[in-house]
$ cat target.txt   # compact mmCIF, C-alpha atoms and all ligand atoms
# COMPACT_ATOMS: atom_id res chain seq x y z
CA MET T 1 6.23 17.67 6.87
CA LYS T 2 2.46 17.52 6.57
CA VAL T 3 0.55 14.56 7.99
CA ILE T 4 -2.92 13.56 6.78
CA VAL T 5 -4.70 10.81 8.73
CA CYS T 6 -7.57 9.09 6.95
CA ASP T 7 -10.28 6.78 8.27
CA ASN T 8 -9.42 3.91 5.97
CA TYR T 9 -7.47 2.71 2.94
CA ASP T 10 -9.93 4.08 0.38
CA GLU T 11 -9.95 7.56 1.93
CA MET T 12 -6.12 7.52 1.97
CA SER T 13 -6.11 6.50 -1.69
CA LEU T 14 -8.55 9.29 -2.60
CA GLN T 15 -6.52 11.93 -0.75
CA GLY T 16 -3.39 10.80 -2.62
CA ALA T 17 -5.22 10.83 -5.96
CA LYS T 18 -6.53 14.36 -5.30
CA ILE T 19 -3.02 15.68 -4.76
CA PHE T 20 -1.87 14.12 -8.04
CA GLU T 21 -5.02 15.35 -9.81
CA LYS T 22 -4.30 18.92 -8.71
CA GLN T 23 -0.71 18.64 -9.94
CA ILE T 24 -1.84 17.31 -13.34
CA ARG T 25 -4.62 19.91 -13.79
CA GLU T 26 -2.23 22.74 -12.90
CA LYS T 27 0.65 21.45 -15.06
CA ALA T 28 -0.47 19.23 -17.93
CA ASN T 29 3.10 18.14 -18.73
CA SER T 30 4.02 17.22 -15.17
CA ILE T 31 6.76 14.71 -14.46
CA LEU T 32 5.36 12.13 -12.06
CA GLY T 33 7.42 9.74 -9.93
CA LEU T 34 5.45 6.54 -9.40
CA ALA T 35 5.59 3.48 -7.14
CA THR T 36 4.42 -0.12 -7.21
CA GLY T 37 3.37 -2.46 -4.38
CA SER T 38 -0.08 -2.99 -2.87
CA THR T 39 -0.42 0.45 -1.32
CA PRO T 40 -0.82 2.68 -4.42
CA ILE T 41 -3.32 0.41 -6.22
CA GLY T 42 -6.34 2.20 -4.72
CA MET T 43 -4.91 5.59 -5.62
CA TYR T 44 -4.32 4.44 -9.19
CA GLN T 45 -7.95 3.27 -9.34
CA HIS T 46 -9.10 6.73 -8.31
CA LEU T 47 -6.89 8.34 -10.96
CA ILE T 48 -8.32 5.97 -13.60
CA LYS T 49 -11.84 6.95 -12.50
CA MET T 50 -10.92 10.65 -12.66
CA HIS T 51 -9.60 10.07 -16.18
CA LYS T 52 -12.71 8.18 -17.35
CA GLU T 53 -15.37 10.25 -15.60
CA GLU T 54 -13.85 13.69 -15.12
CA GLY T 55 -11.53 13.99 -18.11
CA LEU T 56 -8.26 13.98 -16.18
CA ASP T 57 -5.78 14.16 -19.05
CA PHE T 58 -2.51 12.24 -18.99
CA SER T 59 -1.61 12.81 -22.65
CA LYS T 60 1.28 15.18 -21.85
CA ILE T 61 2.42 13.43 -18.67
CA THR T 62 5.81 11.76 -18.27
CA SER T 63 6.42 9.23 -15.49
CA PHE T 64 9.45 7.69 -13.85
CA ASN T 65 9.06 4.66 -11.62
CA LEU T 66 11.11 4.24 -8.49
CA ASP T 67 12.43 0.77 -9.02
CA GLU T 68 12.44 -2.59 -10.75
CA TYR T 69 13.61 -6.05 -9.83
CA TYR T 70 16.92 -7.08 -11.37
CA PRO T 71 17.28 -9.03 -13.49
CA ILE T 72 13.72 -9.50 -14.73
CA SER T 73 12.03 -9.55 -18.12
CA GLN T 74 9.65 -6.65 -18.79
CA THR T 75 6.97 -9.16 -19.79
CA ASN T 76 7.29 -11.16 -16.56
CA ASP T 77 4.00 -10.61 -14.70
CA GLN T 78 5.98 -9.90 -11.51
CA SER T 79 7.97 -7.10 -13.12
CA TYR T 80 7.16 -3.57 -12.07
CA ARG T 81 6.83 -2.58 -15.74
CA TYR T 82 4.07 -5.18 -16.09
CA PHE T 83 2.45 -3.97 -12.84
CA MET T 84 2.37 -0.34 -14.02
CA ASN T 85 0.83 -1.26 -17.36
CA GLU T 86 -1.83 -3.40 -15.68
CA GLN T 87 -2.63 -1.13 -12.73
CA LEU T 88 -2.48 2.27 -14.41
CA PHE T 89 -1.02 2.90 -17.85
CA ASN T 90 -3.38 0.59 -19.81
CA HIS T 91 -6.39 2.45 -18.40
CA ILE T 92 -5.44 6.11 -18.95
CA ASN T 93 -4.37 8.14 -21.98
CA ILE T 94 -0.68 8.32 -21.14
CA ASP T 95 1.76 7.78 -24.01
CA LYS T 96 3.65 4.64 -22.95
CA ASN T 97 6.77 6.03 -24.64
CA ASN T 98 6.74 8.65 -21.90
CA THR T 99 6.61 6.12 -19.07
CA PHE T 100 9.97 5.06 -17.70
CA VAL T 101 10.77 2.15 -15.39
CA PRO T 102 14.38 1.09 -14.74
CA ASN T 103 15.12 -1.66 -17.24
CA GLY T 104 15.43 -5.00 -15.45
CA GLU T 105 16.69 -6.53 -18.70
CA ALA T 106 19.71 -4.20 -19.02
CA THR T 107 22.96 -6.11 -19.42
CA ASP T 108 24.94 -3.28 -17.84
CA ALA T 109 23.01 -2.37 -14.68
CA ASP T 110 25.34 0.48 -13.68
CA LEU T 111 25.00 2.12 -17.08
CA GLU T 112 21.21 1.71 -16.96
CA CYS T 113 21.14 3.43 -13.54
CA LYS T 114 23.38 6.28 -14.70
CA GLN T 115 21.26 6.83 -17.80
CA TYR T 116 18.06 6.71 -15.73
CA ASP T 117 19.22 9.64 -13.57
CA GLU T 118 20.40 11.50 -16.66
CA LYS T 119 16.99 11.06 -18.25
CA ILE T 120 15.21 12.39 -15.15
CA ALA T 121 17.51 15.43 -15.19
CA GLN T 122 16.98 15.89 -18.94
CA TYR T 123 13.21 16.09 -18.32
CA GLY T 124 13.76 18.79 -15.71
CA GLY T 125 13.34 16.63 -12.60
CA ILE T 126 10.34 15.06 -10.91
CA ASP T 127 7.46 17.36 -9.92
CA ILE T 128 5.78 14.96 -7.54
CA GLN T 129 7.02 11.61 -6.26
CA LEU T 130 4.71 8.92 -4.90
CA LEU T 131 6.13 6.49 -2.34
CA GLY T 132 4.99 3.46 -0.39
CA ILE T 133 6.98 2.37 2.64
CA GLY T 134 8.50 -0.95 3.61
CA ARG T 135 7.76 -2.14 7.13
CA ASN T 136 11.53 -1.75 7.70
CA GLY T 137 11.34 1.86 6.48
CA HIS T 138 12.69 1.31 3.00
CA ILE T 139 11.65 3.78 0.32
CA GLY T 140 12.08 2.58 -3.23
CA PHE T 141 14.52 -0.22 -2.48
CA ASN T 142 16.79 1.89 -0.30
CA GLU T 143 17.09 -0.64 2.48
CA PRO T 144 18.23 0.17 6.05
CA ASP T 145 22.02 0.41 6.15
CA LYS T 146 24.88 2.49 7.56
CA LYS T 147 25.44 3.96 4.13
CA LEU T 148 22.68 4.96 1.72
CA PHE T 149 23.09 5.91 -1.93
CA ALA T 150 22.13 9.19 -3.52
CA SER T 151 21.72 8.07 -7.11
CA THR T 152 19.90 5.29 -8.93
CA HIS T 153 21.81 2.07 -8.27
CA LYS T 154 21.68 -1.72 -8.13
CA THR T 155 20.99 -3.06 -4.66
CA ASP T 156 20.45 -6.28 -2.72
CA LEU T 157 17.03 -6.73 -1.14
CA THR T 158 16.95 -7.52 2.57
CA GLN T 159 15.46 -10.79 3.78
CA ASP T 160 12.59 -8.80 5.31
CA THR T 161 11.72 -7.31 1.92
CA ILE T 162 12.07 -10.68 0.18
CA ASP T 163 9.73 -12.20 2.79
CA ALA T 164 7.23 -9.35 2.40
CA ASN T 165 7.26 -9.58 -1.41
CA SER T 166 7.00 -13.38 -1.45
CA ARG T 167 3.21 -13.01 -1.16
CA PHE T 168 3.15 -12.19 -4.89
CA PHE T 169 5.18 -15.27 -5.92
CA ASP T 170 4.36 -19.01 -6.01
CA ASP T 171 7.59 -19.79 -4.17
CA ILE T 172 9.84 -17.56 -2.04
CA LYS T 173 12.76 -18.93 -4.07
CA ASP T 174 11.33 -17.09 -7.10
CA VAL T 175 11.54 -13.64 -5.45
CA PRO T 176 14.38 -11.67 -7.05
CA THR T 177 17.11 -10.76 -4.59
CA LYS T 178 18.31 -7.62 -6.36
CA ALA T 179 16.73 -4.47 -7.75
CA LEU T 180 17.52 -1.22 -9.52
CA THR T 181 16.25 1.69 -7.47
CA MET T 182 16.31 5.44 -7.42
CA GLY T 183 18.58 6.60 -4.62
CA ILE T 184 17.69 8.81 -1.69
CA GLY T 185 19.06 11.83 -3.57
CA SER T 186 16.91 11.08 -6.62
CA ILE T 187 13.83 10.93 -4.35
CA MET T 188 14.77 14.04 -2.34
CA LYS T 189 15.19 16.06 -5.54
CA ALA T 190 11.46 15.70 -6.35
CA LYS T 191 9.68 19.02 -5.74
CA THR T 192 6.93 17.32 -3.72
CA VAL T 193 7.02 13.87 -2.09
CA VAL T 194 3.82 12.01 -1.12
CA LEU T 195 4.13 8.85 0.98
CA LEU T 196 1.14 6.53 1.46
CA ALA T 197 1.09 4.16 4.43
CA SER T 198 -1.71 1.73 5.21
CA GLY T 199 -2.29 -1.05 7.68
CA LYS T 200 -1.22 -2.07 11.18
CA ASN T 201 2.03 -3.63 9.92
CA LYS T 202 3.20 -0.11 8.97
CA HIS T 203 2.38 1.37 12.39
CA GLU T 204 5.85 0.99 13.88
CA VAL T 205 7.53 2.66 10.94
CA VAL T 206 4.86 5.40 10.75
CA ASN T 207 5.55 6.10 14.42
CA ALA T 208 9.22 6.59 13.57
CA MET T 209 8.15 9.05 10.86
CA LEU T 210 6.16 11.06 13.42
CA ASP T 211 9.12 11.32 15.78
CA ASP T 212 11.83 13.92 15.16
CA PHE T 213 14.92 11.77 14.55
CA ILE T 214 16.56 10.86 11.26
CA THR T 215 18.51 7.63 10.78
CA THR T 216 19.75 5.58 7.85
CA ASP T 217 18.47 2.54 9.81
CA ILE T 218 15.00 3.72 8.78
CA PRO T 219 15.58 5.34 5.37
CA SER T 220 12.10 6.94 5.22
CA THR T 221 13.06 9.19 8.17
CA LEU T 222 15.31 11.15 5.78
CA LEU T 223 12.14 12.51 4.17
CA LYS T 224 11.61 14.66 7.27
CA ALA T 225 14.28 16.93 5.80
CA HIS T 226 12.33 17.41 2.54
CA PRO T 227 10.74 20.87 2.25
CA ASP T 228 7.46 19.60 0.77
CA PHE T 229 6.78 16.15 2.17
CA ILE T 230 3.25 14.85 2.73
CA LEU T 231 2.60 11.66 4.72
CA ILE T 232 -0.88 10.23 4.16
CA CYS T 233 -1.80 7.29 6.34
CA ASP T 234 -4.88 5.41 7.37
CA LYS T 235 -5.93 4.98 11.01
CA ASP T 236 -4.48 1.46 11.19
CA ALA T 237 -1.03 2.74 10.25
CA TYR T 238 -1.35 5.81 12.47
CA GLU T 239 -2.83 4.22 15.59
CA GLY T 240 -1.72 0.60 15.24
C1 LIG T 301 7.60 -0.05 -4.75
C2 LIG T 301 8.60 0.30 -3.75
C3 LIG T 301 8.55 -0.24 -2.36
C4 LIG T 301 7.13 -0.32 -1.78
C5 LIG T 301 7.17 -0.88 -0.37
C6 LIG T 301 5.78 -1.05 0.21
O1 LIG T 301 7.89 0.58 -5.97
O2 LIG T 301 9.51 0.99 -4.05
O3 LIG T 301 9.32 0.61 -1.54
O4 LIG T 301 6.55 0.93 -1.80
O5 LIG T 301 7.82 -2.11 -0.35
O6 LIG T 301 5.10 -2.05 -0.49
P1 LIG T 301 3.55 -2.32 -0.22
O7 LIG T 301 2.81 -1.14 -0.74
O8 LIG T 301 3.25 -3.55 -1.06
O9 LIG T 301 3.38 -2.53 1.23

$ encode --input "target.txt" --output "structure tokens"
Amino acid sequence: MKVIVCDNYDEMSLQGAKIFEKQIREKANSILGLATGSTPIGMYQHLIKMHKEEGLDFSKITSFNLDEYYPISQTNDQSYRYFMNEQLFNHINIDKNNTFVPNGEATDADLECKQYDEKIAQYGGIDIQLLGIGRNGHIGFNEPDKKLFASTHKTDLTQDTIDANSRFFDDIKDVPTKALTMGIGSIMKAKTVVLLASGKNKHEVVNAMLDDFITTDIPSTLLKAHPDFILICDKDAYEG
């Protein structure tokens, strides 16, 4: 595990973007694993700038997002599909047909999850996976539990996650209570994993990442067993 501590959010975002830039310049048809939430927005802005000003080319890139609320319409402005279009895809030259987000409109969620993993495998697996981290240590929507799942699956969101995500909704009652998410195995299969953590409210969980233990009570700690895992955090997350 490699740890990079940055002065602030923007520096963290730039460091993350540079790692993805290197991957894309070295392998034009890379398979990227992407995340939503507040944390990666700055990194996406840097990637957009690199595309516009330095010719970073996404034309051969394929992407798979970690998760999506369930059920939710793809045109709902709270859906992760909508978020990705707005925050990244609409501003770079990626072919949207090569961008995959679990389908929150699927009638058969289990089939959708199975096919999502099959598609990742069909593309040869994820080269580099971006993650944010829940303050309870969730990655994707793999919430703390005795038992975690390896594959993409439908899951219930914890009250803590619903509370945290309610900031994006008019009313907490509107926050979906379920999601489709890549499993821990799907994430661990990525060749490289990059986790961004920013802000004092992530300090406790970042501390757990810096310690040596692994527990399903803090799912992100499983990443310590990944052979190429990079944790990039700002000072607030690192020092509290
Ligand atoms: C998003 C995701 C979540 C977020 C996490 C942190 O696709 O899978 O695990 O990364 O909830 O969210 P923010 O960045 O909003 O603090």

$ closest_atom_pairs --input "target.txt" --of "chain T" --to "ligand LIG 301 (chain T)" --cutoff "9 Å" --atoms "all atoms listed in the file" --output "CSV"
residue,atom,partner,partner_atom,distance
T:Leu34,CA,T:LIG301,O1,7.3
T:Ala35,CA,T:LIG301,O1,3.9
T:Thr36,CA,T:LIG301,O1,3.8
T:Gly37,CA,T:LIG301,O8,3.5
T:Ser38,CA,T:LIG301,O8,3.8
T:Thr39,CA,T:LIG301,O7,3.6
T:Pro40,CA,T:LIG301,O7,6.4
T:Ile41,CA,T:LIG301,O7,8.4
T:Asn65,CA,T:LIG301,O1,7.1
T:Leu66,CA,T:LIG301,O1,5.5
T:Asp67,CA,T:LIG301,O1,5.5
T:Glu68,CA,T:LIG301,O1,7.3
T:Tyr80,CA,T:LIG301,O1,7.4
T:Leu130,CA,T:LIG301,O4,8.8
T:Leu131,CA,T:LIG301,O4,5.6
T:Gly132,CA,T:LIG301,O4,3.3
T:Ile133,CA,T:LIG301,C6,4.4
T:Gly134,CA,T:LIG301,O5,4.2
T:Arg135,CA,T:LIG301,C6,7.3
T:Asn136,CA,T:LIG301,O5,8.9
T:Gly137,CA,T:LIG301,O3,8.4
T:His138,CA,T:LIG301,O3,5.7
T:Ile139,CA,T:LIG301,O3,4.4
T:Gly140,CA,T:LIG301,O2,3.1
T:Phe141,CA,T:LIG301,O3,5.3
T:Asn142,CA,T:LIG301,O3,7.7
T:Glu143,CA,T:LIG301,O3,8.8
T:Thr161,CA,T:LIG301,O5,6.9
T:Ala164,CA,T:LIG301,O5,7.8
T:Asn165,CA,T:LIG301,O8,7.3
T:Thr181,CA,T:LIG301,O2,7.6
T:Met182,CA,T:LIG301,O2,8.8
T:Leu195,CA,T:LIG301,O4,8.7
T:Leu196,CA,T:LIG301,O7,8.2
T:Ala197,CA,T:LIG301,O7,7.6
T:Ser198,CA,T:LIG301,O9,7.7
T:Gly199,CA,T:LIG301,O9,8.7
T:Asn201,CA,T:LIG301,O9,8.9
T:Lys202,CA,T:LIG301,O9,8.1

$ residues_near_point --input "target.txt" --point "(1.1, 21.4, -15.5)" --cutoff "12 Å" --atoms "all atoms listed in the file" --output "mmCIF file with C-alpha atoms, keeping the file's coordinate frame"
data_model
loop_
_atom_site.group_PDB
_atom_site.id
_atom_site.type_symbol
_atom_site.label_atom_id
_atom_site.label_comp_id
_atom_site.auth_asym_id
_atom_site.auth_seq_id
_atom_site.Cartn_x
_atom_site.Cartn_y
_atom_site.Cartn_z
ATOM 1 C CA PHE T 20 -1.870 14.120 -8.040
ATOM 2 C CA GLU T 21 -5.020 15.350 -9.810
ATOM 3 C CA LYS T 22 -4.300 18.920 -8.710
ATOM 4 C CA GLN T 23 -0.710 18.640 -9.940
ATOM 5 C CA ILE T 24 -1.840 17.310 -13.340
ATOM 6 C CA ARG T 25 -4.620 19.910 -13.790
ATOM 7 C CA GLU T 26 -2.230 22.740 -12.900
ATOM 8 C CA LYS T 27 0.650 21.450 -15.060
ATOM 9 C CA ALA T 28 -0.470 19.230 -17.930
ATOM 10 C CA ASN T 29 3.100 18.140 -18.730
ATOM 11 C CA SER T 30 4.020 17.220 -15.170
ATOM 12 C CA ILE T 31 6.760 14.710 -14.460
ATOM 13 C CA LEU T 32 5.360 12.130 -12.060
ATOM 14 C CA LEU T 56 -8.260 13.980 -16.180
ATOM 15 C CA ASP T 57 -5.780 14.160 -19.050
ATOM 16 C CA PHE T 58 -2.510 12.240 -18.990
ATOM 17 C CA SER T 59 -1.610 12.810 -22.650
ATOM 18 C CA LYS T 60 1.280 15.180 -21.850
ATOM 19 C CA ILE T 61 2.420 13.430 -18.670
ATOM 20 C CA THR T 62 5.810 11.760 -18.270
ATOM 21 C CA ASP T 127 7.460 17.360 -9.920
ATOM 22 C CA ILE T 128 5.780 14.960 -7.540
#

$ closest_residue --input "target.txt" --among "T:Lys173, T:Arg81, T:Lys18, T:His91" --to "Ile48 (chain T)" --atoms "all atoms listed in the file"
T:His91

$ atom_distance --input "target.txt" --atom1 "CA of Thr177 (chain T)" --atom2 "CA of Asp163 (chain T)"
10.5 Å

$ atom_distance --input "target.txt" --atom1 "CA of Gly185 (chain T)" --atom2 "CA of Leu222 (chain T)"
10.1 Å

$ closest_residue --input "target.txt" --among "T:Asp212, T:Gly104, T:Glu118, T:Asn207" --to "Glu239 (chain T)" --atoms "all atoms listed in the file"
T:Asn207

$ closest_residue --input "target.txt" --among "T:His226, T:His51, T:Lys178, T:Arg167" --to "Val193 (chain T)" --atoms "all atoms listed in the file"
T:His226

$ axis_aligned_box --input "target.txt" --around "region 140-157 of chain T" --padding-each-side "5 Å" --output "JSON"
{"center_x": 18.8, "center_y": 1.2, "center_z": -0.7, "size_x": 23.4, "size_y": 25.9, "size_z": 26.5}

$ closest_residue --input "target.txt" --among "T:Gln129, T:Asn98, T:Ser151, T:Asn103" --to "Ile72 (chain T)" --atoms "all atoms listed in the file"
T:Asn103

$ closest_residue --input "target.txt" --among "T:Lys191, T:His46, T:Lys2, T:His203" --to "Gln15 (chain T)" --atoms "only C-alpha atoms"
T:His46

$ atom_distance --input "target.txt" --atom1 "CA of Pro71 (chain T)" --atom2 "CA of Val175 (chain T)"
10.9 Å

$ closest_residue --input "target.txt" --among "T:Asp228, T:Glu105, T:Asp156, T:Glu53" --to "Asn76 (chain T)" --atoms "only C-alpha atoms"
T:Glu105

$ residues_around --input "target.txt" --residues "Ser186 (chain T)" --least-positions-apart "5" --cutoff "8 Å" --atoms "all atoms listed in the file" --output "MDAnalysis selection string"
chainID T and resid 117 150:152
